[in-house]
$ cat structure09.txt   # compact mmCIF, N, CA, C and O atoms
# COMPACT_ATOMS: atom_id res chain seq x y z
N MET A 1 -10.65 7.84 -15.35
CA MET A 1 -9.67 7.06 -14.64
C MET A 1 -10.27 6.57 -13.32
O MET A 1 -10.90 7.32 -12.60
N GLN A 2 -10.05 5.31 -13.04
CA GLN A 2 -10.58 4.72 -11.82
C GLN A 2 -9.44 4.52 -10.82
O GLN A 2 -8.39 3.99 -11.17
N ILE A 3 -9.66 4.98 -9.62
CA ILE A 3 -8.67 4.85 -8.55
C ILE A 3 -9.22 3.82 -7.55
O ILE A 3 -10.33 3.94 -7.07
N LYS A 4 -8.40 2.81 -7.28
CA LYS A 4 -8.84 1.68 -6.46
C LYS A 4 -8.96 2.02 -4.97
O LYS A 4 -9.85 1.53 -4.29
N TYR A 5 -8.06 2.84 -4.46
CA TYR A 5 -8.02 3.14 -3.02
C TYR A 5 -8.34 4.61 -2.77
O TYR A 5 -8.23 5.43 -3.66
N GLU A 6 -8.72 4.92 -1.54
CA GLU A 6 -9.13 6.28 -1.17
C GLU A 6 -8.18 6.88 -0.13
O GLU A 6 -7.55 6.15 0.63
N LEU A 7 -8.13 8.20 -0.09
CA LEU A 7 -7.37 8.89 0.95
C LEU A 7 -7.88 8.47 2.33
O LEU A 7 -9.09 8.35 2.54
N GLY A 8 -6.99 8.23 3.24
CA GLY A 8 -7.35 7.84 4.59
C GLY A 8 -7.59 6.36 4.77
O GLY A 8 -7.72 5.88 5.90
N GLN A 9 -7.63 5.61 3.68
CA GLN A 9 -7.88 4.17 3.77
C GLN A 9 -6.67 3.46 4.36
O GLN A 9 -5.53 3.80 4.08
N MET A 10 -6.92 2.46 5.18
CA MET A 10 -5.87 1.66 5.78
C MET A 10 -5.61 0.46 4.87
O MET A 10 -6.54 -0.24 4.49
N VAL A 11 -4.33 0.24 4.53
CA VAL A 11 -3.94 -0.82 3.60
C VAL A 11 -2.67 -1.50 4.09
O VAL A 11 -2.07 -1.11 5.10
N TYR A 12 -2.24 -2.50 3.33
CA TYR A 12 -1.02 -3.24 3.61
C TYR A 12 -0.19 -3.33 2.33
O TYR A 12 -0.74 -3.24 1.23
N LEU A 13 1.11 -3.52 2.48
CA LEU A 13 1.95 -3.78 1.32
C LEU A 13 2.01 -5.29 1.12
O LEU A 13 2.27 -6.05 2.06
N ALA A 14 1.80 -5.72 -0.10
CA ALA A 14 1.76 -7.15 -0.41
C ALA A 14 3.07 -7.85 -0.07
O ALA A 14 3.09 -9.01 0.30
N THR A 15 4.19 -7.14 -0.17
CA THR A 15 5.51 -7.75 0.05
C THR A 15 6.10 -7.50 1.43
O THR A 15 7.23 -7.91 1.71
N ASP A 16 5.36 -6.84 2.31
CA ASP A 16 5.86 -6.52 3.65
C ASP A 16 5.74 -7.75 4.55
O ASP A 16 4.63 -8.19 4.87
N VAL A 17 6.87 -8.31 4.95
CA VAL A 17 6.88 -9.50 5.80
C VAL A 17 6.16 -9.25 7.13
O VAL A 17 5.46 -10.11 7.64
N GLU A 18 6.31 -8.05 7.68
CA GLU A 18 5.68 -7.72 8.96
C GLU A 18 4.20 -7.37 8.82
O GLU A 18 3.49 -7.30 9.82
N GLN A 19 3.72 -7.10 7.60
CA GLN A 19 2.33 -6.75 7.33
C GLN A 19 1.84 -5.62 8.23
O GLN A 19 0.79 -5.69 8.87
N MET A 20 2.62 -4.55 8.27
CA MET A 20 2.25 -3.36 9.05
C MET A 20 1.14 -2.60 8.33
O MET A 20 1.20 -2.42 7.11
N GLN A 21 0.15 -2.17 9.08
CA GLN A 21 -0.95 -1.40 8.51
C GLN A 21 -0.46 0.02 8.19
O GLN A 21 0.28 0.62 8.97
N ARG A 22 -0.88 0.53 7.01
CA ARG A 22 -0.44 1.86 6.57
C ARG A 22 -1.66 2.66 6.12
O ARG A 22 -2.66 2.09 5.70
N MET A 23 -1.55 3.98 6.20
CA MET A 23 -2.64 4.86 5.77
C MET A 23 -2.26 5.56 4.47
O MET A 23 -1.12 6.03 4.34
N ILE A 24 -3.20 5.66 3.55
CA ILE A 24 -2.98 6.41 2.32
C ILE A 24 -3.16 7.89 2.63
O ILE A 24 -4.23 8.31 3.07
N VAL A 25 -2.08 8.67 2.42
CA VAL A 25 -2.12 10.09 2.74
C VAL A 25 -2.05 10.98 1.50
O VAL A 25 -2.29 12.19 1.58
N ALA A 26 -1.71 10.40 0.35
CA ALA A 26 -1.68 11.16 -0.90
C ALA A 26 -1.83 10.21 -2.07
O ALA A 26 -1.40 9.05 -2.00
N ILE A 27 -2.45 10.72 -3.13
CA ILE A 27 -2.59 9.97 -4.37
C ILE A 27 -2.07 10.86 -5.49
O ILE A 27 -2.55 11.98 -5.67
N ASN A 28 -1.08 10.38 -6.22
CA ASN A 28 -0.49 11.14 -7.32
C ASN A 28 -0.92 10.51 -8.65
O ASN A 28 -0.72 9.31 -8.86
N ILE A 29 -1.47 11.33 -9.54
CA ILE A 29 -1.88 10.87 -10.86
C ILE A 29 -0.99 11.59 -11.87
O ILE A 29 -0.92 12.82 -11.88
N TYR A 30 -0.31 10.81 -12.70
CA TYR A 30 0.65 11.37 -13.64
C TYR A 30 0.08 11.46 -15.05
O TYR A 30 -0.91 10.79 -15.38
N ILE A 31 0.70 12.26 -15.87
CA ILE A 31 0.23 12.54 -17.23
C ILE A 31 0.10 11.27 -18.06
O ILE A 31 -0.76 11.17 -18.93
N ASP A 32 0.94 10.26 -17.79
CA ASP A 32 0.88 9.01 -18.54
C ASP A 32 -0.22 8.07 -18.03
O ASP A 32 -0.37 6.96 -18.51
N GLY A 33 -0.98 8.52 -17.02
CA GLY A 33 -2.08 7.72 -16.48
C GLY A 33 -1.71 6.85 -15.30
O GLY A 33 -2.57 6.20 -14.71
N SER A 34 -0.43 6.82 -14.95
CA SER A 34 -0.04 6.00 -13.80
C SER A 34 -0.47 6.68 -12.50
O SER A 34 -0.59 7.89 -12.42
N VAL A 35 -0.75 5.85 -11.51
CA VAL A 35 -1.20 6.32 -10.20
C VAL A 35 -0.24 5.78 -9.16
O VAL A 35 0.11 4.60 -9.16
N MET A 36 0.19 6.65 -8.25
CA MET A 36 1.04 6.23 -7.15
C MET A 36 0.42 6.73 -5.85
O MET A 36 -0.17 7.80 -5.81
N TYR A 37 0.57 5.93 -4.82
CA TYR A 37 -0.01 6.23 -3.52
C TYR A 37 1.10 6.47 -2.52
O TYR A 37 2.06 5.72 -2.45
N GLN A 38 0.95 7.54 -1.73
CA GLN A 38 1.90 7.77 -0.64
C GLN A 38 1.27 7.19 0.62
O GLN A 38 0.13 7.51 0.98
N LEU A 39 2.03 6.31 1.27
CA LEU A 39 1.56 5.63 2.47
C LEU A 39 2.39 6.08 3.66
O LEU A 39 3.57 6.41 3.52
N VAL A 40 1.78 6.05 4.84
CA VAL A 40 2.50 6.36 6.05
C VAL A 40 2.28 5.25 7.07
O VAL A 40 1.18 4.72 7.21
N CYS A 41 3.39 4.90 7.74
CA CYS A 41 3.36 3.90 8.81
C CYS A 41 4.26 4.46 9.90
O CYS A 41 5.49 4.48 9.76
N GLY A 42 3.65 4.99 10.96
CA GLY A 42 4.43 5.68 11.98
C GLY A 42 5.00 6.96 11.40
O GLY A 42 4.26 7.79 10.89
N THR A 43 6.32 7.10 11.41
CA THR A 43 6.96 8.29 10.83
C THR A 43 7.52 8.01 9.43
O THR A 43 8.12 8.89 8.83
N GLU A 44 7.33 6.82 8.93
CA GLU A 44 7.87 6.44 7.62
C GLU A 44 6.86 6.71 6.50
O GLU A 44 5.72 6.24 6.55
N HIS A 45 7.28 7.48 5.50
CA HIS A 45 6.46 7.76 4.32
C HIS A 45 7.07 7.02 3.14
O HIS A 45 8.27 7.12 2.89
N THR A 46 6.23 6.26 2.40
CA THR A 46 6.71 5.54 1.23
C THR A 46 5.71 5.72 0.09
O THR A 46 4.54 6.03 0.32
N THR A 47 6.18 5.54 -1.14
CA THR A 47 5.35 5.71 -2.32
C THR A 47 5.30 4.39 -3.08
O THR A 47 6.34 3.75 -3.29
N HIS A 48 4.08 4.01 -3.51
CA HIS A 48 3.89 2.69 -4.13
C HIS A 48 2.88 2.73 -5.26
O HIS A 48 1.95 3.54 -5.25
N TYR A 49 3.07 1.80 -6.20
CA TYR A 49 2.07 1.58 -7.25
C TYR A 49 0.90 0.78 -6.67
O TYR A 49 1.05 0.05 -5.68
N GLU A 50 -0.23 0.89 -7.33
CA GLU A 50 -1.45 0.21 -6.88
C GLU A 50 -1.26 -1.30 -6.72
O GLU A 50 -1.79 -1.91 -5.79
N VAL A 51 -0.49 -1.93 -7.60
CA VAL A 51 -0.30 -3.39 -7.56
C VAL A 51 0.47 -3.85 -6.33
O VAL A 51 0.44 -5.03 -5.99
N GLU A 52 1.15 -2.93 -5.66
CA GLU A 52 1.92 -3.28 -4.46
C GLU A 52 1.07 -3.26 -3.19
O GLU A 52 1.54 -3.67 -2.13
N ILE A 53 -0.16 -2.76 -3.30
CA ILE A 53 -1.01 -2.51 -2.13
C ILE A 53 -2.16 -3.51 -2.09
O ILE A 53 -2.70 -3.90 -3.12
N THR A 54 -2.55 -3.89 -0.89
CA THR A 54 -3.70 -4.77 -0.69
C THR A 54 -4.52 -4.28 0.50
O THR A 54 -3.98 -3.68 1.43
N GLU A 55 -5.80 -4.54 0.45
CA GLU A 55 -6.68 -4.18 1.57
C GLU A 55 -6.65 -5.24 2.66
O GLU A 55 -6.99 -4.97 3.81
N GLU A 56 -6.26 -6.44 2.30
CA GLU A 56 -6.27 -7.58 3.22
C GLU A 56 -4.87 -7.84 3.79
O GLU A 56 -3.89 -7.81 3.06
N LYS A 57 -4.82 -8.13 5.06
CA LYS A 57 -3.56 -8.51 5.70
C LYS A 57 -3.24 -9.95 5.32
O LYS A 57 -4.09 -10.83 5.43
N ASN A 58 -2.03 -10.19 4.85
CA ASN A 58 -1.59 -11.53 4.47
C ASN A 58 -0.87 -12.16 5.66
O ASN A 58 0.33 -11.98 5.83
N VAL A 59 -1.60 -12.90 6.48
CA VAL A 59 -1.04 -13.46 7.71
C VAL A 59 0.01 -14.52 7.41
O VAL A 59 0.86 -14.80 8.25
N LEU A 60 -0.01 -15.11 6.23
CA LEU A 60 0.98 -16.12 5.88
C LEU A 60 2.34 -15.52 5.53
O LEU A 60 3.34 -16.21 5.52
N MET A 61 2.38 -14.23 5.23
CA MET A 61 3.61 -13.57 4.80
C MET A 61 4.70 -13.66 5.88
O MET A 61 5.86 -13.80 5.56
N GLY A 62 4.35 -13.59 7.14
CA GLY A 62 5.33 -13.61 8.22
C GLY A 62 5.75 -14.98 8.67
O GLY A 62 6.65 -15.14 9.49
N ILE A 63 5.12 -16.02 8.13
CA ILE A 63 5.46 -17.38 8.52
C ILE A 63 6.61 -17.87 7.68
O ILE A 63 6.59 -17.81 6.46
N THR A 64 7.64 -18.38 8.34
CA THR A 64 8.79 -18.93 7.61
C THR A 64 9.03 -20.36 8.02
O THR A 64 8.67 -20.78 9.13
N GLU A 65 9.65 -21.12 7.14
CA GLU A 65 9.97 -22.51 7.44
C GLU A 65 11.27 -22.58 8.23
O GLU A 65 12.17 -21.80 8.01
N ASN A 66 11.36 -23.53 9.13
CA ASN A 66 12.60 -23.75 9.91
C ASN A 66 13.49 -24.73 9.20
O ASN A 66 13.20 -25.61 8.57

$ encode --input "structure09.txt" --output "structure tokens"
Amino acid sequence: MQIKYELGQMVYLATDVEQMQRMIVAINIYIDGSVMYQLVCGTEHTTHYEVEITEEKNVLMGITEN
């Protein structure tokens, strides 16, 4: 099994409008082969699938049309 991200790595959520940087603090591997990452941003802990995470900050995400 190949894991894309590493513990301690700083990442972003693809759908986060604010594009807050988060740290990977846990990686859970399940019997069905799925992988979930626990991320922390300040005091907030969240769990996400690999497809929700990106290494690159999407600066266009916070731009909205008037």

$ atom_distance --input "structure09.txt" --atom1 "atom CA of A:Asn58" --atom2 "atom O of A:Met1"
27.1 Å

$ residues_around --input "structure09.txt" --residues "A:Gly33" --least-positions-apart "4" --cutoff "8 Å" --atoms "all atoms listed in the file" --output "PyMOL selection string"
chain A and resi 1-2+28-29

$ closest_residue --input "structure09.txt" --among "A:Glu56, A:Ile3, A:Tyr37, A:Gly8" --to "A:Ile24" --atoms "only N, CA, C and O atoms"
A:Gly8

$ closest_residue --input "structure09.txt" --among "A:Val59, A:Cys41, A:Ile53, A:Val35" --to "A:Met23" --atoms "only N, CA, C and O atoms"
A:Cys41

$ closest_residue --input "structure09.txt" --among "A:Met20, A:Val25, A:Ala14, A:Leu7" --to "A:Glu52" --atoms "only N, CA, C and O atoms"
A:Ala14

$ closest_residue --input "structure09.txt" --among "A:Thr46, A:Asp32, A:Gln19, A:Ile27" --to "A:Glu6" --atoms "only N, CA, C and O atoms"
A:Ile27

$ atom_distance --input "structure09.txt" --atom1 "atom O of A:Val51" --atom2 "atom N of A:Tyr12"
10.0 Å

$ atom_distance --input "structure09.txt" --atom1 "atom C of A:Thr54" --atom2 "atom N of A:Gln21"
10.0 Å

$ closest_residue --input "structure09.txt" --among "A:Ala26, A:Val11, A:Tyr5, A:Leu60" --to "A:Thr47" --atoms "only N, CA, C and O atoms"
A:Ala26

$ select_by_dssp --input "structure09.txt" --residues "chain A" --states "helix (DSSP H, G or I)" --output "PyMOL selection string"
chain A and resi 50-52+59-62

$ select_by_dssp --input "structure09.txt" --residues "chain A" --states "strand (DSSP E or B)" --output "PyMOL selection string"
chain A and resi 10-13+22-29+35-41+44-49+53-54

$ closest_residue --input "structure09.txt" --among "A:Gln9, A:Asp16, A:Met36, A:Ile31" --to "A:Lys57" --atoms "only C-alpha atoms"
A:Asp16

$ decode --input "structure09.txt" --residues "stretch 14-44 of chain A" --atoms "N, CA, C and O atoms" --output "CSV table (one decimal), in the first residue's frame"
chain,number,residue,atom,x,y,z
A,14,ALA,N,-8.4,20.9,-0.1
A,14,ALA,CA,-8.7,21.4,-1.5
A,14,ALA,C,-10.0,22.2,-1.4
A,14,ALA,O,-10.1,23.2,-2.2
A,15,THR,N,-10.9,22.0,-0.5
A,15,THR,CA,-12.2,22.7,-0.5
A,15,THR,C,-12.3,23.8,0.5
A,15,THR,O,-13.3,24.5,0.7
A,16,ASP,N,-11.2,24.1,1.2
A,16,ASP,CA,-11.1,25.1,2.3
A,16,ASP,C,-11.0,26.5,1.6
A,16,ASP,O,-9.9,26.8,1.0
A,17,VAL,N,-12.0,27.3,1.7
A,17,VAL,CA,-12.0,28.7,1.1
A,17,VAL,C,-10.8,29.5,1.7
A,17,VAL,O,-10.2,30.3,1.0
A,18,GLU,N,-10.5,29.3,3.0
A,18,GLU,CA,-9.5,30.1,3.7
A,18,GLU,C,-8.1,29.6,3.4
A,18,GLU,O,-7.1,30.2,3.7
A,19,GLN,N,-8.0,28.3,2.9
A,19,GLN,CA,-6.7,27.7,2.6
A,19,GLN,C,-5.8,27.7,3.8
A,19,GLN,O,-4.6,28.1,3.7
A,20,MET,N,-6.3,27.3,5.0
A,20,MET,CA,-5.5,27.3,6.2
A,20,MET,C,-4.5,26.1,6.1
A,20,MET,O,-4.9,25.0,5.7
A,21,GLN,N,-3.3,26.3,6.5
A,21,GLN,CA,-2.3,25.2,6.5
A,21,GLN,C,-2.6,24.3,7.7
A,21,GLN,O,-2.9,24.7,8.8
A,22,ARG,N,-2.5,23.0,7.4
A,22,ARG,CA,-2.8,22.0,8.5
A,22,ARG,C,-1.6,21.0,8.5
A,22,ARG,O,-0.9,20.7,7.5
A,23,MET,N,-1.4,20.3,9.7
A,23,MET,CA,-0.4,19.3,9.9
A,23,MET,C,-1.0,17.9,10.0
A,23,MET,O,-2.1,17.8,10.7
A,24,ILE,N,-0.4,17.0,9.3
A,24,ILE,CA,-0.9,15.6,9.4
A,24,ILE,C,-0.4,15.0,10.8
A,24,ILE,O,0.9,15.0,10.9
A,25,VAL,N,-1.3,14.6,11.6
A,25,VAL,CA,-0.9,14.1,13.0
A,25,VAL,C,-1.2,12.6,13.1
A,25,VAL,O,-0.7,12.0,14.1
A,26,ALA,N,-2.0,12.1,12.2
A,26,ALA,CA,-2.2,10.6,12.3
A,26,ALA,C,-2.7,10.1,10.9
A,26,ALA,O,-3.3,10.9,10.2
A,27,ILE,N,-2.3,8.9,10.7
A,27,ILE,CA,-2.7,8.2,9.4
A,27,ILE,C,-3.4,6.9,9.8
A,27,ILE,O,-2.8,6.1,10.5
A,28,ASN,N,-4.6,6.7,9.4
A,28,ASN,CA,-5.4,5.5,9.7
A,28,ASN,C,-5.5,4.7,8.5
A,28,ASN,O,-6.0,5.2,7.4
A,29,ILE,N,-5.2,3.4,8.5
A,29,ILE,CA,-5.3,2.5,7.4
A,29,ILE,C,-6.3,1.4,7.9
A,29,ILE,O,-6.1,0.8,8.9
A,30,TYR,N,-7.4,1.3,7.1
A,30,TYR,CA,-8.4,0.4,7.4
A,30,TYR,C,-8.3,-0.9,6.6
A,30,TYR,O,-7.7,-1.0,5.6
A,31,ILE,N,-9.0,-1.9,7.1
A,31,ILE,CA,-9.0,-3.3,6.6
A,31,ILE,C,-9.4,-3.3,5.1
A,31,ILE,O,-8.9,-4.2,4.3
A,32,ASP,N,-10.2,-2.4,4.7
A,32,ASP,CA,-10.7,-2.4,3.3
A,32,ASP,C,-9.7,-1.7,2.4
A,32,ASP,O,-9.9,-1.5,1.2
A,33,GLY,N,-8.5,-1.2,2.9
A,33,GLY,CA,-7.5,-0.5,2.2
A,33,GLY,C,-7.6,1.0,2.1
A,33,GLY,O,-6.8,1.7,1.6
A,34,SER,N,-8.7,1.5,2.7
A,34,SER,CA,-8.9,3.0,2.7
A,34,SER,C,-7.9,3.6,3.7
A,34,SER,O,-7.6,3.0,4.7
A,35,VAL,N,-7.5,4.8,3.4
A,35,VAL,CA,-6.6,5.6,4.2
A,35,VAL,C,-7.2,6.9,4.5
A,35,VAL,O,-7.8,7.6,3.7
A,36,MET,N,-7.2,7.3,5.8
A,36,MET,CA,-7.7,8.5,6.3
A,36,MET,C,-6.6,9.2,7.1
A,36,MET,O,-5.8,8.6,7.8
A,37,TYR,N,-6.6,10.6,6.9
A,37,TYR,CA,-5.6,11.4,7.6
A,37,TYR,C,-6.2,12.3,8.6
A,37,TYR,O,-7.2,12.9,8.3
A,38,GLN,N,-5.6,12.3,9.8
A,38,GLN,CA,-6.1,13.3,10.8
A,38,GLN,C,-5.2,14.5,10.7
A,38,GLN,O,-4.0,14.4,10.8
A,39,LEU,N,-5.9,15.7,10.5
A,39,LEU,CA,-5.2,16.9,10.4
A,39,LEU,C,-5.5,17.8,11.5
A,39,LEU,O,-6.6,17.7,12.1
A,40,VAL,N,-4.6,18.7,11.9
A,40,VAL,CA,-4.8,19.7,12.9
A,40,VAL,C,-4.5,21.1,12.4
A,40,VAL,O,-3.5,21.3,11.7
A,41,CYS,N,-5.4,22.0,12.8
A,41,CYS,CA,-5.2,23.4,12.4
A,41,CYS,C,-5.6,24.2,13.7
A,41,CYS,O,-6.7,24.3,14.0
A,42,GLY,N,-4.6,24.7,14.4
A,42,GLY,CA,-4.8,25.3,15.7
A,42,GLY,C,-5.3,24.2,16.7
A,42,GLY,O,-4.6,23.2,16.9
A,43,THR,N,-6.5,24.4,17.2
A,43,THR,CA,-7.0,23.4,18.2
A,43,THR,C,-8.1,22.5,17.5
A,43,THR,O,-8.7,21.6,18.1
A,44,GLU,N,-8.3,22.7,16.2
A,44,GLU,CA,-9.3,21.9,15.5
A,44,GLU,C,-8.6,20.6,14.8
A,44,GLU,O,-7.7,20.7,14.1
